file entry14.cif (mmCIF, C-alpha atoms)
data_work
loop_
_atom_site.label_atom_id
_atom_site.label_comp_id
_atom_site.auth_asym_id
_atom_site.auth_seq_id
_atom_site.Cartn_x
_atom_site.Cartn_y
_atom_site.Cartn_z
CA MET A 27 -100.81 -15.05 -120.43
CA THR A 28 -104.16 -15.46 -122.11
CA SER A 29 -103.27 -18.79 -123.66
CA ASP A 30 -102.57 -20.19 -120.21
CA LEU A 31 -105.93 -18.88 -119.01
CA ILE A 32 -107.64 -20.53 -121.96
CA PHE A 33 -105.88 -23.78 -121.12
CA TYR A 34 -107.17 -23.66 -117.54
CA LEU A 35 -110.70 -22.95 -118.76
CA LEU A 36 -110.53 -25.86 -121.19
CA ALA A 37 -109.09 -28.14 -118.53
CA ALA A 38 -111.94 -27.20 -116.19
CA LEU A 39 -114.45 -27.83 -118.99
CA THR A 40 -112.90 -31.27 -119.44
CA VAL A 41 -112.49 -32.44 -115.85
CA VAL A 42 -115.42 -30.94 -113.95
CA PRO A 43 -118.21 -32.52 -116.04
CA ALA A 44 -116.35 -35.83 -115.80
CA PHE A 45 -117.22 -35.90 -112.10
CA TRP A 46 -120.83 -35.52 -113.10
CA VAL A 47 -120.52 -38.32 -115.66
CA VAL A 48 -119.40 -40.82 -113.05
CA LEU A 49 -121.49 -39.73 -110.10
CA SER A 50 -124.87 -38.77 -111.53
CA LYS A 51 -127.78 -41.11 -110.95
CA ASN A 52 -129.52 -39.91 -114.09
CA LEU A 53 -127.86 -41.35 -117.17
CA VAL A 54 -129.14 -38.61 -119.46
CA HIS A 55 -127.34 -36.08 -117.26
CA SER A 56 -124.25 -38.24 -117.51
CA GLY A 57 -124.56 -38.29 -121.28
CA PHE A 58 -124.71 -34.52 -121.54
CA ALA A 59 -121.87 -34.12 -119.06
CA LEU A 60 -119.87 -36.49 -121.27
CA LEU A 61 -120.65 -34.11 -124.14
CA MET A 62 -119.03 -31.31 -122.14
CA THR A 63 -115.98 -33.46 -121.42
CA LEU A 64 -115.55 -34.38 -125.07
CA LEU A 65 -115.92 -30.73 -126.05
CA GLY A 66 -113.24 -29.80 -123.54
CA ALA A 67 -110.96 -32.49 -124.93
CA ALA A 68 -111.52 -31.16 -128.47
CA GLY A 69 -110.64 -27.69 -127.17
CA LEU A 70 -107.45 -29.07 -125.61
CA TYR A 71 -106.48 -30.65 -128.92
CA ALA A 72 -107.05 -27.32 -130.66
CA TRP A 73 -104.99 -25.56 -127.97
CA LEU A 74 -102.16 -27.95 -128.75
CA GLY A 75 -102.40 -27.17 -132.45
CA ALA A 76 -103.86 -30.53 -133.44
CA ASP A 77 -106.55 -29.07 -135.65
CA PHE A 78 -107.42 -32.25 -137.55
CA ILE A 79 -107.76 -34.27 -134.37
CA ALA A 80 -109.92 -31.60 -132.75
CA VAL A 81 -112.40 -31.61 -135.62
CA THR A 82 -112.29 -35.42 -135.85
CA GLN A 83 -113.14 -35.58 -132.15
CA LEU A 84 -116.10 -33.28 -132.73
CA MET A 85 -117.41 -35.16 -135.74
CA VAL A 86 -116.75 -38.76 -134.75
CA TYR A 87 -116.79 -38.82 -130.98
CA ILE A 88 -119.44 -36.24 -130.22
CA GLY A 89 -121.41 -36.58 -133.45
CA GLY A 90 -121.24 -40.37 -133.59
CA VAL A 91 -120.37 -42.13 -130.37
CA LEU A 92 -122.12 -39.76 -128.01
CA VAL A 93 -125.27 -39.68 -130.15
CA LEU A 94 -125.35 -43.49 -130.13
CA ILE A 95 -124.87 -43.54 -126.37
CA LEU A 96 -127.73 -41.09 -125.89
CA PHE A 97 -129.95 -43.17 -128.19
CA VAL A 98 -129.34 -46.27 -126.13
CA VAL A 99 -129.77 -44.39 -122.85
CA MET A 100 -133.16 -43.21 -123.99
CA MET A 101 -134.16 -46.61 -125.34
CA THR A 102 -133.42 -48.56 -122.20
CA ARG A 103 -134.86 -48.08 -118.79
CA VAL A 104 -134.31 -49.87 -115.52
CA PRO A 105 -137.44 -51.84 -114.61
CA LYS A 106 -139.08 -51.05 -111.30
CA ASN A 107 -138.21 -54.35 -109.69
CA ASP A 108 -134.51 -54.02 -110.46
CA ARG A 109 -133.70 -51.01 -108.34
CA PRO A 110 -131.73 -52.26 -105.35
CA VAL A 111 -131.28 -50.07 -102.32
CA ARG A 112 -128.51 -47.58 -102.91
CA GLY A 113 -125.72 -48.33 -100.52
CA LEU A 114 -122.27 -46.88 -100.22
CA ASP A 115 -120.54 -50.22 -100.52
CA ARG A 116 -120.16 -49.92 -104.28
CA TYR A 117 -118.23 -46.70 -103.99
CA VAL A 118 -115.55 -47.82 -101.55
CA PRO A 119 -113.52 -50.33 -103.60
CA ALA A 120 -114.01 -48.27 -106.76
CA GLY A 121 -112.90 -45.13 -104.94
CA VAL A 122 -109.86 -46.84 -103.48
CA PHE A 123 -108.78 -48.10 -106.88
CA ALA A 124 -109.40 -44.77 -108.56
CA LEU A 125 -107.41 -42.90 -105.92
CA ALA A 126 -104.61 -45.45 -106.09
CA THR A 127 -104.45 -45.05 -109.86
CA LEU A 128 -104.44 -41.28 -109.52
CA GLY A 129 -101.65 -41.46 -106.98
CA LEU A 130 -99.58 -43.76 -109.15
CA LEU A 131 -100.06 -41.54 -112.19
CA TYR A 132 -99.16 -38.49 -110.14
CA LYS A 133 -95.95 -40.12 -108.98
CA VAL A 134 -95.04 -40.95 -112.56
CA ILE A 135 -95.89 -37.48 -113.85
CA THR A 136 -93.88 -35.64 -111.26
CA GLY A 137 -91.11 -38.19 -110.89
CA ALA A 138 -90.13 -38.88 -114.48
CA GLY A 139 -87.85 -36.37 -116.12
CA TRP A 140 -89.83 -35.44 -119.18
CA ASN A 141 -87.80 -34.39 -122.18
CA ALA A 142 -90.26 -31.62 -122.93
CA ALA A 143 -88.83 -28.91 -125.12
CA ALA A 144 -90.41 -25.59 -125.90
CA LEU A 145 -93.46 -25.60 -128.13
CA PRO A 146 -92.74 -25.14 -131.80
CA THR A 147 -95.13 -22.95 -133.74
CA ALA A 148 -98.32 -24.74 -134.62
CA GLU A 149 -98.85 -25.55 -138.25
CA PRO A 150 -101.86 -27.09 -139.96
CA THR A 151 -101.60 -30.85 -139.57
CA THR A 152 -104.15 -32.22 -142.00
CA ALA A 153 -101.81 -32.54 -144.97
CA GLU A 154 -99.10 -34.23 -142.94
CA ILE A 155 -101.57 -36.66 -141.36
CA GLY A 156 -102.95 -37.48 -144.80
CA VAL A 157 -99.52 -38.13 -146.24
CA ASN A 158 -98.60 -40.33 -143.29
CA PHE A 159 -101.81 -42.33 -143.58
CA MET A 160 -101.00 -43.07 -147.21
CA THR A 161 -97.30 -43.86 -146.79
CA ASN A 162 -95.99 -44.76 -143.34
CA TYR A 163 -99.21 -45.97 -141.77
CA ILE A 164 -100.93 -47.50 -144.76
CA PHE A 165 -101.25 -50.96 -143.19
CA PRO A 166 -102.97 -49.84 -139.98
CA PHE A 167 -105.17 -47.60 -142.10
CA GLU A 168 -106.41 -50.54 -144.15
CA TYR A 169 -106.74 -52.80 -141.11
CA VAL A 170 -108.82 -50.20 -139.36
CA SER A 171 -111.21 -50.08 -142.28
CA LEU A 172 -111.56 -53.85 -141.99
CA VAL A 173 -112.23 -53.46 -138.27
CA LEU A 174 -114.93 -50.93 -139.05
CA LEU A 175 -116.53 -53.31 -141.53
CA ALA A 176 -116.48 -56.11 -138.97
CA ALA A 177 -117.95 -53.82 -136.31
CA LEU A 178 -120.69 -52.70 -138.67
CA VAL A 179 -121.67 -56.23 -139.64
CA GLY A 180 -121.40 -57.44 -136.05
CA ALA A 181 -123.53 -54.66 -134.62
CA ALA A 182 -126.17 -55.11 -137.30
CA LEU A 183 -126.23 -58.85 -136.65
CA LEU A 184 -126.47 -58.45 -132.89
CA ILE A 185 -129.38 -56.06 -133.12
CA ARG A 186 -131.46 -58.03 -135.58
CA GLU A 187 -134.94 -59.03 -134.56
CA ARG A 188 -135.53 -62.75 -134.71
CA ARG A 189 -137.94 -63.40 -137.54
CA PRO A 190 -140.04 -66.59 -137.65
CA GLU A 191 -138.37 -67.94 -140.80
CA ASP A 192 -135.02 -67.91 -138.99
CA GLN A 193 -136.19 -70.61 -136.62
CA THR A 194 -135.33 -73.83 -138.42
CA GLU A 195 -135.69 -77.12 -136.57
CA ALA A 196 -132.69 -79.27 -135.88
CA GLY A 197 -131.75 -81.34 -138.91
CA GLU A 198 -133.72 -79.25 -141.31
CA ASP A 199 -131.70 -77.58 -143.97
CA SER A 200 -132.69 -73.99 -144.61
CA SER A 201 -131.52 -74.30 -148.21
CA GLU A 202 -134.69 -76.29 -148.89
CA GLU A 203 -136.51 -73.00 -149.13
CA VAL A 204 -134.68 -72.11 -152.33
CA GLN A 205 -136.79 -73.25 -155.24
CA PRO A 206 -134.68 -74.38 -158.17
CA MET B 22 -95.67 -21.63 -113.98
CA SER B 23 -96.53 -21.61 -117.65
CA VAL B 24 -98.51 -24.46 -119.10
CA GLY B 25 -96.33 -27.44 -119.91
CA LEU B 26 -96.49 -31.15 -120.58
CA THR B 27 -97.24 -32.06 -116.96
CA HIS B 28 -100.41 -29.96 -116.99
CA PHE B 29 -101.82 -32.08 -119.78
CA LEU B 30 -100.69 -35.28 -118.12
CA THR B 31 -102.46 -34.21 -114.93
CA VAL B 32 -105.70 -33.51 -116.77
CA SER B 33 -105.59 -36.90 -118.43
CA ALA B 34 -104.70 -38.59 -115.13
CA PHE B 35 -107.85 -37.14 -113.58
CA LEU B 36 -109.95 -38.23 -116.54
CA PHE B 37 -108.49 -41.72 -116.44
CA SER B 38 -109.11 -42.19 -112.72
CA LEU B 39 -112.66 -40.93 -113.07
CA GLY B 40 -113.26 -43.30 -115.98
CA LEU B 41 -111.88 -46.18 -113.95
CA PHE B 42 -114.12 -45.22 -111.04
CA ALA B 43 -117.15 -45.23 -113.34
CA VAL B 44 -116.29 -48.63 -114.83
CA MET B 45 -115.91 -50.20 -111.42
CA GLN B 46 -118.87 -48.61 -109.73
CA ARG B 47 -121.62 -48.26 -112.29
CA ARG B 48 -124.35 -50.81 -112.49
CA ASN B 49 -125.84 -49.70 -115.80
CA ALA B 50 -124.01 -51.04 -118.83
CA VAL B 51 -124.18 -47.72 -120.68
CA GLY B 52 -122.71 -46.01 -117.62
CA ILE B 53 -119.80 -48.43 -117.76
CA LEU B 54 -119.34 -47.60 -121.43
CA MET B 55 -119.21 -43.90 -120.60
CA GLY B 56 -116.38 -44.66 -118.18
CA VAL B 57 -114.52 -46.51 -120.90
CA GLU B 58 -114.92 -43.52 -123.22
CA LEU B 59 -113.48 -41.26 -120.52
CA MET B 60 -110.41 -43.48 -120.24
CA LEU B 61 -109.93 -43.50 -124.00
CA ASN B 62 -110.15 -39.72 -124.15
CA ALA B 63 -107.60 -39.47 -121.36
CA SER B 64 -105.14 -41.56 -123.35
CA ASN B 65 -105.85 -39.49 -126.46
CA ILE B 66 -104.99 -36.29 -124.61
CA ASN B 67 -101.73 -37.90 -123.56
CA PHE B 68 -100.87 -38.88 -127.10
CA VAL B 69 -101.50 -35.43 -128.54
CA ALA B 70 -99.65 -33.71 -125.69
CA PHE B 71 -96.60 -35.91 -126.17
CA SER B 72 -96.77 -35.39 -129.89
CA ARG B 73 -96.60 -31.64 -129.38
CA TYR B 74 -94.18 -31.34 -126.47
CA VAL B 75 -91.74 -34.22 -126.80
CA GLU B 76 -91.86 -35.76 -130.22
CA HIS B 77 -92.47 -32.55 -132.20
CA GLY B 78 -93.89 -34.77 -134.90
CA ILE B 79 -97.14 -36.23 -136.05
CA SER B 80 -97.15 -39.87 -134.88
CA GLY B 81 -98.99 -39.08 -131.67
CA GLN B 82 -101.81 -37.46 -133.58
CA ILE B 83 -102.02 -40.39 -135.99
CA MET B 84 -102.29 -42.75 -133.04
CA THR B 85 -105.05 -40.52 -131.68
CA ALA B 86 -106.93 -40.74 -134.96
CA PHE B 87 -106.73 -44.52 -134.84
CA VAL B 88 -107.88 -44.59 -131.22
CA ILE B 89 -110.88 -42.42 -132.08
CA VAL B 90 -111.85 -44.72 -134.95
CA LEU B 91 -111.47 -47.87 -132.87
CA ALA B 92 -113.39 -46.32 -129.98
CA ALA B 93 -116.25 -45.57 -132.35
CA ALA B 94 -116.29 -49.16 -133.64
CA GLU B 95 -116.14 -50.52 -130.10
CA ALA B 96 -118.92 -48.23 -128.92
CA ALA B 97 -121.15 -49.35 -131.78
CA VAL B 98 -120.68 -53.03 -130.96
CA ALA B 99 -120.98 -52.45 -127.20
CA LEU B 100 -124.22 -50.54 -127.63
CA ALA B 101 -125.60 -53.27 -129.88
CA ILE B 102 -124.79 -55.73 -127.11
CA VAL B 103 -126.51 -53.50 -124.55
CA LEU B 104 -129.63 -53.30 -126.69
CA ALA B 105 -129.68 -57.06 -127.26
CA MET B 106 -129.19 -57.52 -123.53
CA TYR B 107 -132.06 -55.17 -122.79
CA ARG B 108 -134.25 -56.98 -125.27
CA ASN B 109 -133.53 -60.38 -123.74
CA PHE B 110 -133.34 -59.60 -120.03
CA GLY B 111 -135.45 -56.50 -119.75
CA THR B 112 -132.85 -54.57 -117.79
CA PRO B 113 -129.69 -52.68 -118.67
CA ASN B 114 -128.13 -53.43 -115.30
CA ALA B 115 -124.99 -55.44 -115.74
CA ASP B 116 -125.02 -57.31 -112.45
CA THR B 117 -128.53 -58.65 -112.96
CA ILE B 118 -127.27 -60.62 -115.97
CA ASP B 119 -125.82 -63.59 -114.14
CA SER B 120 -127.33 -66.56 -115.97
CA LEU B 121 -123.90 -68.11 -116.42
CA LYS B 122 -123.39 -68.10 -112.66
CA ARG B 123 -126.42 -70.22 -111.89
#
call {"tool": "encode", "arguments": {"input": "entry14.cif", "output": "structure tokens"}}
result
Amino acid sequence: MTSDLIFYLLAALTVVPAFWVVLSKNLVHSGFALLMTLLGAAGLYAWLGADFIAVTQLMVYIGGVLVLILFVVMMTRVPKNDRPVRGLDRYVPAGVFALATLGLLYKVITGAGWNAAALPTAEPTTAEIGVNFMTNYIFPFEYVSLVLLAALVGAALLIRERRPEDQTEAGEDSSEEVQP
Amino acid sequence: MSVGLTHFLTVSAFLFSLGLFAVMQRRNAVGILMGVELMLNASNINFVAFSRYVEHGISGQIMTAFVIVLAAAEAAVALAIVLAMYRNFGTPNADTIDSLKR
């Protein structure tokens, strides 16, 4: 069936670049491989009929988060004196944990009796998501907007350059600067 | 065997393990963040797959929307921290920043 073939293509597009994300020494390559993974995930959402989530993934994750990550990758660089000799000892505990996690997840996936029924026909989801955001999930919706505000203010504060007038001495009140 | 729920769970299991591997092994802070994003995407795939195959409803997709929003907020703050770290220490490597140890 062609839809199964498309699923396997999308799954390959999602998983294969993920190996490149974690193993590449060049972070820019990792960033672009992450782009491929996120595109594959958006394709998987679309395959499942989640059209709103697929487009949200494209706009927010790829168009926002990934762009920010690439900015920071290009703005930072490892200084010459901070490159330790590449040994294999980093990979062993990480690899053991990753394989153990994969094995555990595999046991759960194959062992649990999933109550998976046949797929219903896919309908557009945007209206239903919108209604749910405004009725059943109104509180998380508002909290999340507060979280976004806090993240915005926090990130802007963290990234601020220190200006000379910010350095007040101990005991000095910065409100002195305000002329009545 | 036609594509079912377990196929999606397998894909997300691979993504999650790879993300975990990146978080544990990467030295660069942005590389660690990429691993975290992989893990979040793996959980999102799980949510949407369950929403379609088991729940036949919409709650899984709403949870996915919230996860995407929170991941964006977290990535913004994490990247601001990485930039501040780079500005103060001159390196984005996470294990060079050990001032609290000494």
call {"tool": "resolve_selection", "arguments": {"input": "entry14.cif", "expression": "the PyMOL selection byres ((chain B) within 8 of (chain A))", "output": "PyMOL selection string"}}
result
chain B and resi 23-27+30-32+34-36+38-43+45-47+51-52+55-56+59+62+66+69-70+73-75+77+79+82-83+85-87+89-91+93-98+100-105+107+111-114+117
call {"tool": "atom_distance", "arguments": {"input": "entry14.cif", "atom1": "CA of Thr152 (chain A)", "atom2": "CA of Ile88 (chain A)"}}
result
19.7 Å
call {"tool": "atom_distance", "arguments": {"input": "entry14.cif", "atom1": "CA of Pro43 (chain A)", "atom2": "CA of His55 (chain A)"}}
result
9.9 Å
call {"tool": "atom_distance", "arguments": {"input": "entry14.cif", "atom1": "CA of Ala50 (chain B)", "atom2": "CA of Arg108 (chain B)"}}
result
13.5 Å
call {"tool": "axis_aligned_box", "arguments": {"input": "entry14.cif", "around": "region 41-48 of chain A", "padding_each_side": "4 Å", "output": "AutoDock Vina command-line options"}}
result
--center_x -116.7 --center_y -35.9 --center_z -114.1 --size_x 16.3 --size_y 17.9 --size_z 11.9
